[in-house]
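Just target.cif here, mmCIF, C-alpha atoms and all ligand atoms:
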```cif
data_work
#
loop_
_atom_site.label_atom_id
_atom_site.label_comp_id
_atom_site.auth_asym_id
_atom_site.auth_seq_id
_atom_site.Cartn_x
_atom_site.Cartn_y
_atom_site.Cartn_z
CA MET A 70 0.00 0.00 0.00
CA THR A 71 1.46 3.37 -0.98
CA SER A 72 1.08 6.56 1.06
CA PRO A 73 -1.40 9.37 0.31
CA HIS A 74 1.53 11.43 -1.02
CA PRO A 75 3.56 9.22 -3.35
CA LEU A 76 6.57 10.59 -5.23
CA ILE A 77 4.98 9.68 -8.56
CA GLU A 78 1.50 8.48 -9.29
CA ALA A 79 -0.17 7.36 -12.51
CA GLN A 80 -3.87 6.80 -12.96
CA GLY A 81 -5.43 5.06 -15.93
CA LEU A 82 -2.21 5.65 -17.85
CA ALA A 83 -2.21 4.68 -21.52
CA VAL A 84 0.41 5.28 -24.19
CA ALA A 85 0.03 4.87 -27.93
CA TYR A 86 2.66 5.20 -30.63
CA ARG A 87 1.22 6.35 -33.94
CA GLY A 88 -2.23 5.22 -32.88
CA ARG A 89 -1.11 1.80 -31.62
CA GLN A 90 -1.71 1.39 -27.90
CA VAL A 91 1.23 -0.29 -26.15
CA LEU A 92 0.24 0.49 -22.56
CA GLY A 93 -3.23 0.82 -21.06
CA GLY A 94 -5.08 1.21 -17.78
CA VAL A 95 -1.94 1.49 -15.62
CA ASP A 96 -2.46 2.63 -12.04
CA PHE A 97 0.85 3.09 -10.29
CA ALA A 98 2.39 4.86 -7.31
CA ILE A 99 5.78 4.76 -5.62
CA ASP A 100 6.88 6.06 -2.22
CA ARG A 101 10.22 7.24 -0.91
CA GLY A 102 12.40 4.31 0.17
CA GLU A 103 10.61 1.68 -1.94
CA ILE A 104 12.33 -0.53 -4.51
CA VAL A 105 9.83 -1.44 -7.21
CA THR A 106 10.74 -3.65 -10.11
CA VAL A 107 8.91 -3.91 -13.40
CA VAL A 108 9.18 -7.23 -15.18
CA GLY A 109 7.56 -8.34 -18.41
CA PRO A 110 8.32 -9.84 -21.81
CA ASN A 111 10.06 -7.91 -24.60
CA GLY A 112 7.83 -5.21 -25.97
CA SER A 113 5.46 -5.30 -22.99
CA GLY A 114 5.79 -1.55 -22.38
CA LYS A 115 8.32 -1.46 -19.50
CA SER A 116 10.54 1.28 -20.97
CA THR A 117 7.44 3.14 -22.13
CA LEU A 118 6.09 3.14 -18.59
CA LEU A 119 9.33 4.65 -17.27
CA ARG A 120 9.39 7.23 -20.04
CA ALA A 121 5.77 8.19 -19.35
CA LEU A 122 6.51 8.55 -15.63
CA LEU A 123 9.55 10.67 -16.50
CA GLY A 124 7.35 12.88 -18.67
CA VAL A 125 9.22 12.35 -21.94
CA VAL A 126 6.31 10.42 -23.47
CA THR A 127 2.84 11.97 -23.48
CA PRO A 128 0.07 9.65 -22.34
CA SER A 129 -2.79 9.04 -24.76
CA ALA A 130 -5.07 8.65 -21.73
CA GLY A 131 -4.87 8.93 -17.98
CA ARG A 132 -2.47 11.11 -16.06
CA VAL A 133 0.84 11.21 -14.24
CA ARG A 134 1.45 13.28 -11.13
CA ARG A 135 4.91 13.99 -9.81
CA ALA A 136 5.58 15.48 -6.38
CA ARG A 137 6.49 19.15 -6.59
CA GLY A 138 10.21 19.65 -7.22
CA LEU A 139 10.79 15.91 -7.65
CA ARG A 140 14.35 15.06 -8.67
CA ILE A 141 14.65 11.97 -10.85
CA GLY A 142 17.92 10.20 -11.61
CA TYR A 143 17.45 8.21 -14.82
CA VAL A 144 19.67 5.44 -16.15
CA PRO A 145 18.52 4.69 -19.71
CA GLN A 146 18.44 1.25 -21.27
CA ARG A 147 20.91 2.19 -23.96
CA LEU A 148 23.46 4.92 -24.27
CA HIS A 149 25.63 4.94 -27.32
CA ILE A 150 28.91 6.74 -26.92
CA ASP A 151 30.94 7.25 -30.05
CA ALA A 152 34.25 5.48 -29.46
CA ALA A 153 35.95 7.91 -31.87
CA LEU A 154 35.25 10.84 -29.54
CA PRO A 155 37.38 10.84 -26.41
CA LEU A 156 35.12 11.34 -23.41
CA PRO A 157 36.75 10.96 -20.00
CA VAL A 158 34.41 9.74 -17.26
CA ARG A 159 34.80 13.01 -15.32
CA ARG A 160 33.58 14.98 -18.34
CA PHE A 161 30.69 12.59 -18.94
CA LEU A 162 29.62 13.09 -15.33
CA SER A 163 29.66 16.85 -15.86
CA LEU A 164 27.09 16.63 -18.65
CA PRO A 165 24.69 18.34 -18.80
CA VAL A 166 25.30 19.96 -15.40
CA ARG A 167 28.86 20.92 -14.50
CA GLN A 168 30.04 19.09 -11.37
CA SER A 169 32.99 19.82 -9.11
CA PRO A 170 35.88 17.30 -9.03
CA ALA A 171 35.03 16.61 -5.38
CA ARG A 172 31.39 15.71 -6.17
CA ILE A 173 32.52 13.52 -9.07
CA ALA A 174 35.01 11.73 -6.82
CA THR A 175 32.32 11.17 -4.19
CA ALA A 176 29.81 9.81 -6.72
CA LEU A 177 32.36 7.42 -8.24
CA ALA A 178 33.40 6.22 -4.79
CA GLN A 179 29.74 5.72 -3.88
CA VAL A 180 29.25 3.36 -6.82
CA GLY A 181 32.48 1.46 -6.15
CA VAL A 182 34.67 2.72 -9.01
CA PRO A 183 36.78 5.47 -7.40
CA ASP A 184 39.65 5.24 -9.89
CA ILE A 185 37.99 5.69 -13.29
CA ALA A 186 37.54 9.50 -13.42
CA GLY A 187 40.32 9.92 -15.96
CA GLN A 188 39.47 6.86 -18.02
CA ASP A 189 37.77 7.17 -21.38
CA MET A 190 34.10 6.11 -21.40
CA ALA A 191 34.70 3.92 -24.46
CA THR A 192 37.29 1.84 -22.59
CA LEU A 193 35.13 0.97 -19.56
CA SER A 194 34.01 -2.59 -18.93
CA GLY A 195 30.27 -3.31 -18.92
CA GLY A 196 30.09 -3.18 -15.13
CA GLN A 197 32.17 0.00 -14.91
CA PHE A 198 30.03 1.63 -17.59
CA GLN A 199 26.80 0.84 -15.71
CA ARG A 200 28.32 2.22 -12.52
CA ALA A 201 29.36 5.40 -14.34
CA LEU A 202 25.75 5.81 -15.53
CA LEU A 203 24.54 5.27 -11.98
CA ALA A 204 27.06 7.81 -10.64
CA ARG A 205 25.71 10.33 -13.16
CA ALA A 206 22.15 9.68 -12.01
CA LEU A 207 23.21 10.08 -8.36
CA LEU A 208 24.79 13.47 -9.04
CA SER A 209 21.30 14.96 -9.38
CA ASP A 210 20.71 13.97 -5.73
CA PRO A 211 17.55 12.12 -6.78
CA ASP A 212 14.37 11.51 -4.82
CA ILE A 213 13.81 8.58 -7.16
CA LEU A 214 16.19 6.55 -9.28
CA MET A 215 14.78 5.06 -12.46
CA LEU A 216 16.88 2.36 -14.03
CA ASP A 217 15.98 0.66 -17.30
CA GLU A 218 17.62 -2.76 -17.42
CA PRO A 219 20.76 -1.51 -15.68
CA THR A 220 22.49 -4.89 -15.61
CA GLN A 221 22.24 -5.73 -19.28
CA GLY A 222 25.37 -7.50 -20.42
CA LEU A 223 26.72 -8.15 -16.92
CA ASP A 224 27.55 -11.66 -15.72
CA GLN A 225 25.71 -13.12 -12.71
CA PRO A 226 28.20 -11.93 -10.05
CA GLY A 227 28.15 -8.49 -11.73
CA VAL A 228 24.34 -8.45 -11.62
CA ALA A 229 24.24 -9.46 -7.95
CA ALA A 230 26.89 -6.84 -7.06
CA PHE A 231 24.95 -4.16 -8.92
CA TYR A 232 21.72 -4.91 -7.05
CA LYS A 233 23.60 -4.88 -3.75
CA LEU A 234 24.86 -1.43 -4.73
CA ILE A 235 21.33 -0.25 -5.55
CA GLU A 236 20.16 -1.42 -2.13
CA GLU A 237 23.04 0.50 -0.49
CA VAL A 238 22.24 3.63 -2.48
CA ARG A 239 18.59 3.38 -1.50
CA GLN A 240 19.57 3.23 2.15
CA THR A 241 22.11 6.04 1.95
CA LEU A 242 19.94 8.47 -0.03
CA ASP A 243 16.56 7.26 1.27
CA CYS A 244 15.36 7.52 -2.31
CA ALA A 245 12.86 5.38 -4.19
CA VAL A 246 14.11 3.02 -6.87
CA LEU A 247 12.06 2.00 -9.90
CA LEU A 248 13.77 -0.45 -12.15
CA VAL A 249 13.08 -2.55 -15.18
CA SER A 250 14.84 -5.85 -15.36
CA HIS A 251 14.97 -9.27 -16.91
CA ASP A 252 17.14 -10.68 -14.13
CA LEU A 253 14.15 -12.32 -12.56
CA HIS A 254 15.83 -14.24 -9.76
CA VAL A 255 17.82 -11.38 -8.31
CA VAL A 256 15.09 -8.86 -8.98
CA MET A 257 12.55 -10.93 -7.17
CA SER A 258 14.78 -10.99 -4.13
CA ALA A 259 15.87 -7.34 -4.19
CA ALA A 260 12.51 -5.64 -4.74
CA ASP A 261 9.89 -4.64 -2.18
CA ARG A 262 7.24 -4.80 -4.87
CA VAL A 263 7.17 -6.38 -8.30
CA ILE A 264 4.94 -5.25 -11.14
CA CYS A 265 4.32 -7.73 -13.87
CA LEU A 266 3.57 -5.84 -17.08
CA ASN A 267 2.26 -7.00 -20.42
CA GLY A 268 0.67 -3.94 -22.00
CA HIS A 269 -1.22 -3.59 -18.73
CA ILE A 270 -0.45 -4.59 -15.13
CA CYS A 271 -1.03 -8.34 -15.05
CA CYS A 272 -0.32 -8.61 -11.34
CA GLN A 273 1.71 -6.88 -8.66
CA GLY A 274 2.71 -7.34 -5.05
CA ALA A 275 5.51 -8.63 -2.87
CA PRO A 276 7.96 -10.81 -4.83
CA LYS A 277 6.92 -14.10 -3.30
CA VAL A 278 3.24 -13.34 -3.92
CA VAL A 279 3.80 -12.34 -7.54
CA ALA A 280 5.94 -15.42 -8.12
CA ARG A 281 2.92 -17.56 -7.20
CA ALA A 282 0.46 -15.60 -9.32
CA PRO A 283 -0.84 -17.51 -12.35
CA GLU A 284 -0.41 -14.37 -14.53
CA TYR A 285 3.29 -14.21 -13.64
CA ARG A 286 3.79 -17.93 -14.18
CA ALA A 287 2.02 -17.76 -17.52
CA LEU A 288 4.55 -15.14 -18.65
CA PHE A 289 7.71 -16.50 -17.05
CA GLY A 290 7.12 -20.18 -16.45
CA MET A 291 7.10 -22.11 -13.22
CA GLY A 292 10.84 -22.24 -12.52
CA THR A 293 11.30 -18.92 -10.81
CA GLY A 294 9.32 -19.87 -7.73
CA GLY A 295 11.90 -22.49 -6.79
CA ALA A 296 14.86 -20.22 -7.40
CA LEU A 297 13.19 -17.55 -5.32
CA ALA A 298 13.62 -19.61 -2.21
CA LEU A 299 17.40 -19.35 -2.66
CA TYR A 300 17.40 -15.62 -2.95
CA GLN A 301 14.59 -14.61 -0.62
CA HIS A 302 15.87 -11.96 1.76
CA GLU A 303 14.70 -11.16 5.25
CA HIS A 304 12.19 -8.36 5.55
CA ASP A 305 11.84 -6.27 8.65
CA HIS A 306 8.72 -4.58 7.35
CA SER A 307 5.35 -5.74 6.12
CA HIS A 308 3.92 -5.70 2.60
CA ASP A 309 0.55 -5.45 1.02
CA GLU A 310 0.57 -8.95 -0.34
CA ASN A 311 -2.48 -8.60 -2.53
CA CYS A 312 -1.82 -9.56 -6.06
CA ASP A 313 -3.91 -7.22 -8.16
CA ARG A 314 -5.47 -9.40 -10.82
CA ASP A 315 -7.78 -6.71 -12.17
CA HIS A 316 -7.33 -6.03 -15.82
CA PRO A 317 -7.60 -2.47 -17.05
CA ALA A 318 -10.73 -0.81 -18.27
CA PRO A 319 -11.05 -0.52 -22.03
CA VAL A 320 -9.27 2.53 -23.39
CA GLU A 321 -12.56 4.34 -24.11
CA GLU A 322 -13.41 4.35 -20.40
CA ILE A 323 -10.15 5.93 -19.27
CA ASP A 324 -9.90 9.53 -18.10
CA GLN A 325 -8.53 11.51 -21.03
CA GLU A 326 -6.71 14.09 -18.91
CA LYS A 327 -3.16 14.59 -20.15
CA ALA A 328 -0.09 14.21 -17.99
CA SER A 329 0.84 17.15 -15.85
CA THR A 330 4.43 18.19 -16.43
CA ARG A 331 5.24 20.11 -13.33
N1 LIG A 401 9.27 5.48 -30.20
C1 LIG A 401 8.48 4.45 -30.55
N2 LIG A 401 7.75 4.49 -31.68
C2 LIG A 401 6.94 3.46 -32.04
N3 LIG A 401 6.80 2.31 -31.30
C3 LIG A 401 7.52 2.22 -30.17
C4 LIG A 401 8.40 3.28 -29.72
N4 LIG A 401 8.98 2.90 -28.56
C5 LIG A 401 8.49 1.66 -28.28
N5 LIG A 401 7.62 1.26 -29.25
C6 LIG A 401 6.86 0.00 -29.26
O1 LIG A 401 6.12 -0.06 -28.05
C7 LIG A 401 6.10 -1.38 -27.54
C8 LIG A 401 6.64 -1.36 -26.12
O2 LIG A 401 8.02 -1.02 -26.17
P1 LIG A 401 8.91 -0.87 -24.86
O3 LIG A 401 10.28 -0.47 -25.30
O4 LIG A 401 8.21 -0.03 -23.89
O5 LIG A 401 8.89 -2.38 -24.34
P2 LIG A 401 9.83 -3.09 -23.25
O6 LIG A 401 8.92 -3.91 -22.42
O7 LIG A 401 10.69 -2.09 -22.57
O8 LIG A 401 10.68 -4.04 -24.19
P3 LIG A 401 12.16 -4.69 -24.00
O9 LIG A 401 12.06 -5.66 -22.86
O10 LIG A 401 12.38 -5.39 -25.29
O11 LIG A 401 13.12 -3.56 -23.76
C9 LIG A 401 6.91 -2.22 -28.50
O12 LIG A 401 6.02 -2.87 -29.39
C10 LIG A 401 7.77 -1.21 -29.25
O13 LIG A 401 8.03 -1.63 -30.55
#
```
Since I need it in another form, could you write the structure as structure tokens?
Ligand SMILES: Nc1ncnc2c1ncn2[C@@H]1O[C@H](COP(=O)(O)OP(=O)(O)OP(=O)(O)O)[C@@H](O)[C@H]1O
Amino acid sequence: MTSPHPLIEAQGLAVAYRGRQVLGGVDFAIDRGEIVTVVGPNGSGKSTLLRALLGVVTPSAGRVRRARGLRIGYVPQRLHIDAALPLPVRRFLSLPVRQSPARIATALAQVGVPDIAGQDMATLSGGQFQRALLARALLSDPDILMLDEPTQGLDQPGVAAFYKLIEEVRQTLDCAVLLVSHDLHVVMSAADRVICLNGHICCQGAPKVVARAPEYRALFGMGTGGALALYQHEHDHSHDENCDRDHPAPVEEIDQEKASTR
């Protein structure tokens, strides 16, 4: 259950590209301190949901509300950097907002790569690159971090280390974390809440509840439930364990109010 004053809230959110609806009837809210993970098959609208919450995609129906003055740190799914153009990490971190060397050093230390400031972005390993992107997102001192498949291309230990880092960052900054991922096993253990998306929210709830939901199993198979037991972490707080099985209203019934872009 989210609070009456979430950081971001969407109601009846729908998105269409050139008249083709890819997301519909999405009700969503996230509070400070929560880690929420969005899972779903390729093309199910995960990146679109993040982009609509960010305000870079205009909803075709429904609305998005962001808390006044909300600072969002965004790590995109892809970022192509031309290898022919030298771009030291410290300069990359100063784009688009100039940052002091001290802040850059702090951010790089925070994400566990204190020695790469002078290295060229094109020469970073996959894990170092992802950490540099995360450092850049942290430099905005975010209330919420949005990460779109941040562990793509990392090996399993790299993935596990990255999620551990996210958890540490959440604790240090007391920010919310919204992430999209395909790393089902680790995600299911690291998130407070999992949203299973397939053009609409198929089901959502605490990881162990979602893992049992027939909608989740229909999308991801039965295997994850077993693996979950290995990764399940200890919670010192309670969850709303209701798995929302309601499917969205047809598009025609959704509030047509456009997103506010405060
Ligand atoms: N700019 C765009 N113009 C037209 N169609 C788009 C655009 N962006 C995404 N789509 C389409 O919208 C649908 C949802 O895409 P989206 O990238 O949100 O899915 P996803 O769940 O993030 O997928 P993946 O797991 O493969 O990254 C897909 O069918 C995609 O082709």
Taking only C-alpha atoms and all ligand atoms into account, list the residues no farther than 6 Å from ligand LIG 401 (chain A), as an NGL selection string.
:A and (86 or 91 or 110-117)
How big is the axis-aligned box around all listed atoms of region 168-176 of chain A once 6 Å goes on each side, and where's its centre, in Å to one decimal, as AutoDock Vina command-line options?
```
--center_x 32.8 --center_y 14.8 --center_z -7.8 --size_x 18.1 --size_y 22.0 --size_z 19.2
```
Neighbours of region 168-181 of chain A within 9 Å (only C-alpha atoms; same-chain residues fewer than 2 positions away dropped), as a ChimeraX atom specification?
/A:159-160,162-164,166,183-186,197,200-201,203-205,207-208,231,234-235,238
Output C-alpha atoms for every residue in the selection just made, as a tab-separated table (two decimals), keeping the file's coordinate frame.
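In the end it all went to out-v8.tsv:
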```tsv
chain	number	residue	atom	x	y	z
A	159	ARG	CA	34.80	13.01	-15.32
A	160	ARG	CA	33.58	14.98	-18.34
A	162	LEU	CA	29.62	13.09	-15.33
A	163	SER	CA	29.66	16.85	-15.86
A	164	LEU	CA	27.09	16.63	-18.65
A	166	VAL	CA	25.30	19.96	-15.40
A	183	PRO	CA	36.78	5.47	-7.40
A	184	ASP	CA	39.65	5.24	-9.89
A	185	ILE	CA	37.99	5.69	-13.29
A	186	ALA	CA	37.54	9.50	-13.42
A	197	GLN	CA	32.17	0.00	-14.91
A	200	ARG	CA	28.32	2.22	-12.52
A	201	ALA	CA	29.36	5.40	-14.34
A	203	LEU	CA	24.54	5.27	-11.98
A	204	ALA	CA	27.06	7.81	-10.64
A	205	ARG	CA	25.71	10.33	-13.16
A	207	LEU	CA	23.21	10.08	-8.36
A	208	LEU	CA	24.79	13.47	-9.04
A	231	PHE	CA	24.95	-4.16	-8.92
A	234	LEU	CA	24.86	-1.43	-4.73
A	235	ILE	CA	21.33	-0.25	-5.55
A	238	VAL	CA	22.24	3.63	-2.48
```
Counting only C-alpha atoms, what is within 12 Å of His149 (chain A), bar same-chain residues fewer than 2 positions away, as a PDB file with C-alpha atoms, in the frame of the given file?
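Once written, result07.pdb looks like this:
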```pdb
ATOM      1  CA  PRO A 145      18.520   4.690 -19.710  1.00  0.00           C
ATOM      2  CA  GLN A 146      18.440   1.250 -21.270  1.00  0.00           C
ATOM      3  CA  ARG A 147      20.910   2.190 -23.960  1.00  0.00           C
ATOM      4  CA  ASP A 151      30.940   7.250 -30.050  1.00  0.00           C
ATOM      5  CA  ALA A 152      34.250   5.480 -29.460  1.00  0.00           C
ATOM      6  CA  ALA A 153      35.950   7.910 -31.870  1.00  0.00           C
ATOM      7  CA  LEU A 154      35.250  10.840 -29.540  1.00  0.00           C
ATOM      8  CA  MET A 190      34.100   6.110 -21.400  1.00  0.00           C
ATOM      9  CA  ALA A 191      34.700   3.920 -24.460  1.00  0.00           C
ATOM     10  CA  PHE A 198      30.030   1.630 -17.590  1.00  0.00           C
ATOM     11  CA  LEU A 202      25.750   5.810 -15.530  1.00  0.00           C
TER      12      LEU A 202
END
```
CA of Ala130 (chain A) to CA of Gly94 (chain A), distance in Å rounded to a single decimal:
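Computing it gives 8.4 Å between the two atoms.
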Near Ala287 (chain A), counting all atoms listed in the file, which residues have an atom at most 12 Å away, once you skip same-chain residues fewer than 2 positions from it, shown as a JSON list (two decimals) with C-alpha atoms, keeping the file's coordinate frame?
```
[["chain", "number", "residue", "atom", "x", "y", "z"],
["A", 109, "GLY", "CA", 7.56, -8.34, -18.41],
["A", 110, "PRO", "CA", 8.32, -9.84, -21.81],
["A", 265, "CYS", "CA", 4.32, -7.73, -13.87],
["A", 267, "ASN", "CA", 2.26, -7.00, -20.42],
["A", 271, "CYS", "CA", -1.03, -8.34, -15.05],
["A", 272, "CYS", "CA", -0.32, -8.61, -11.34],
["A", 279, "VAL", "CA", 3.80, -12.34, -7.54],
["A", 280, "ALA", "CA", 5.94, -15.42, -8.12],
["A", 281, "ARG", "CA", 2.92, -17.56, -7.20],
["A", 282, "ALA", "CA", 0.46, -15.60, -9.32],
["A", 283, "PRO", "CA", -0.84, -17.51, -12.35],
["A", 284, "GLU", "CA", -0.41, -14.37, -14.53],
["A", 285, "TYR", "CA", 3.29, -14.21, -13.64],
["A", 289, "PHE", "CA", 7.71, -16.50, -17.05],
["A", 290, "GLY", "CA", 7.12, -20.18, -16.45],
["A", 291, "MET", "CA", 7.10, -22.11, -13.22],
["A", 292, "GLY", "CA", 10.84, -22.24, -12.52],
["A", 293, "THR", "CA", 11.30, -18.92, -10.81]]
```
Nearest to Gly102 (chain A) by atom-to-atom distance, counting all atoms listed in the file, from A:Ser209, A:Gln188, A:Ser72, A:Ser258
A:Ser72
Non-local contacts of Ile99 (chain A) (7 Å; all atoms listed in the file; under 4 positions in same chain excluded) as a PyMOL selection string:
chain A and resi 71+75-78+103
One decimal, in Å: what's the spacing between CA of Phe97 (chain A) and CA of Ala230 (chain A)?
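According to the coordinates, CA of Phe97 (chain A) and CA of Ala230 (chain A) are separated by 28.1 Å.
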Near region 119-128 of chain A, counting all atoms listed in the file, which residues have an atom at most 9 Å away, once you skip same-chain residues fewer than 2 positions from it, shown as a ChimeraX atom specification?
/A:77-79,82-85,114-117,130-135,141,143,215-217,247-249,325-330
Take CA of Val105 (chain A) and CA of Arg140 (chain A) and report the distance between them in Å, one decimal.
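These atoms are spaced 17.2 Å apart.
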Determine the nearest neighbour of Val182 (chain A) from the options A:Val144, A:Leu92, A:Ile150, A:Val158, counting only C-alpha atoms.
A:Val158
For region 169-230 of chain A in the structure I just supplied, write out C-alpha atoms - as a PDB file, in the first residue's frame.
```pdb
ATOM      1  CA  SER A 169      32.989  19.817  -9.109  1.00  0.00           C
ATOM      2  CA  PRO A 170      35.879  17.298  -9.031  1.00  0.00           C
ATOM      3  CA  ALA A 171      35.034  16.606  -5.375  1.00  0.00           C
ATOM      4  CA  ARG A 172      31.393  15.709  -6.170  1.00  0.00           C
ATOM      5  CA  ILE A 173      32.518  13.521  -9.067  1.00  0.00           C
ATOM      6  CA  ALA A 174      35.010  11.726  -6.823  1.00  0.00           C
ATOM      7  CA  THR A 175      32.319  11.169  -4.190  1.00  0.00           C
ATOM      8  CA  ALA A 176      29.814   9.810  -6.719  1.00  0.00           C
ATOM      9  CA  LEU A 177      32.361   7.425  -8.240  1.00  0.00           C
ATOM     10  CA  ALA A 178      33.402   6.218  -4.794  1.00  0.00           C
ATOM     11  CA  GLN A 179      29.744   5.717  -3.883  1.00  0.00           C
ATOM     12  CA  VAL A 180      29.253   3.359  -6.819  1.00  0.00           C
ATOM     13  CA  GLY A 181      32.479   1.461  -6.149  1.00  0.00           C
ATOM     14  CA  VAL A 182      34.674   2.718  -9.012  1.00  0.00           C
ATOM     15  CA  PRO A 183      36.776   5.474  -7.398  1.00  0.00           C
ATOM     16  CA  ASP A 184      39.648   5.244  -9.893  1.00  0.00           C
ATOM     17  CA  ILE A 185      37.993   5.688 -13.289  1.00  0.00           C
ATOM     18  CA  ALA A 186      37.538   9.497 -13.422  1.00  0.00           C
ATOM     19  CA  GLY A 187      40.322   9.915 -15.960  1.00  0.00           C
ATOM     20  CA  GLN A 188      39.469   6.862 -18.019  1.00  0.00           C
ATOM     21  CA  ASP A 189      37.772   7.165 -21.380  1.00  0.00           C
ATOM     22  CA  MET A 190      34.103   6.111 -21.400  1.00  0.00           C
ATOM     23  CA  ALA A 191      34.703   3.919 -24.459  1.00  0.00           C
ATOM     24  CA  THR A 192      37.293   1.845 -22.588  1.00  0.00           C
ATOM     25  CA  LEU A 193      35.127   0.973 -19.564  1.00  0.00           C
ATOM     26  CA  SER A 194      34.011  -2.590 -18.927  1.00  0.00           C
ATOM     27  CA  GLY A 195      30.270  -3.312 -18.919  1.00  0.00           C
ATOM     28  CA  GLY A 196      30.088  -3.181 -15.134  1.00  0.00           C
ATOM     29  CA  GLN A 197      32.173   0.002 -14.911  1.00  0.00           C
ATOM     30  CA  PHE A 198      30.029   1.627 -17.593  1.00  0.00           C
ATOM     31  CA  GLN A 199      26.803   0.843 -15.708  1.00  0.00           C
ATOM     32  CA  ARG A 200      28.322   2.216 -12.522  1.00  0.00           C
ATOM     33  CA  ALA A 201      29.361   5.399 -14.335  1.00  0.00           C
ATOM     34  CA  LEU A 202      25.752   5.807 -15.531  1.00  0.00           C
ATOM     35  CA  LEU A 203      24.543   5.266 -11.983  1.00  0.00           C
ATOM     36  CA  ALA A 204      27.058   7.809 -10.641  1.00  0.00           C
ATOM     37  CA  ARG A 205      25.712  10.334 -13.156  1.00  0.00           C
ATOM     38  CA  ALA A 206      22.151   9.676 -12.007  1.00  0.00           C
ATOM     39  CA  LEU A 207      23.215  10.081  -8.360  1.00  0.00           C
ATOM     40  CA  LEU A 208      24.791  13.470  -9.040  1.00  0.00           C
ATOM     41  CA  SER A 209      21.305  14.957  -9.380  1.00  0.00           C
ATOM     42  CA  ASP A 210      20.706  13.972  -5.731  1.00  0.00           C
ATOM     43  CA  PRO A 211      17.553  12.118  -6.783  1.00  0.00           C
ATOM     44  CA  ASP A 212      14.366  11.508  -4.823  1.00  0.00           C
ATOM     45  CA  ILE A 213      13.813   8.584  -7.158  1.00  0.00           C
ATOM     46  CA  LEU A 214      16.194   6.547  -9.276  1.00  0.00           C
ATOM     47  CA  MET A 215      14.776   5.061 -12.457  1.00  0.00           C
ATOM     48  CA  LEU A 216      16.879   2.359 -14.033  1.00  0.00           C
ATOM     49  CA  ASP A 217      15.975   0.662 -17.296  1.00  0.00           C
ATOM     50  CA  GLU A 218      17.621  -2.762 -17.423  1.00  0.00           C
ATOM     51  CA  PRO A 219      20.760  -1.514 -15.678  1.00  0.00           C
ATOM     52  CA  THR A 220      22.492  -4.885 -15.607  1.00  0.00           C
ATOM     53  CA  GLN A 221      22.238  -5.733 -19.279  1.00  0.00           C
ATOM     54  CA  GLY A 222      25.371  -7.495 -20.418  1.00  0.00           C
ATOM     55  CA  LEU A 223      26.721  -8.147 -16.919  1.00  0.00           C
ATOM     56  CA  ASP A 224      27.548 -11.657 -15.716  1.00  0.00           C
ATOM     57  CA  GLN A 225      25.707 -13.120 -12.713  1.00  0.00           C
ATOM     58  CA  PRO A 226      28.199 -11.925 -10.053  1.00  0.00           C
ATOM     59  CA  GLY A 227      28.145  -8.494 -11.732  1.00  0.00           C
ATOM     60  CA  VAL A 228      24.340  -8.451 -11.620  1.00  0.00           C
ATOM     61  CA  ALA A 229      24.241  -9.462  -7.951  1.00  0.00           C
ATOM     62  CA  ALA A 230      26.889  -6.841  -7.064  1.00  0.00           C
TER      63      ALA A 230
END
```
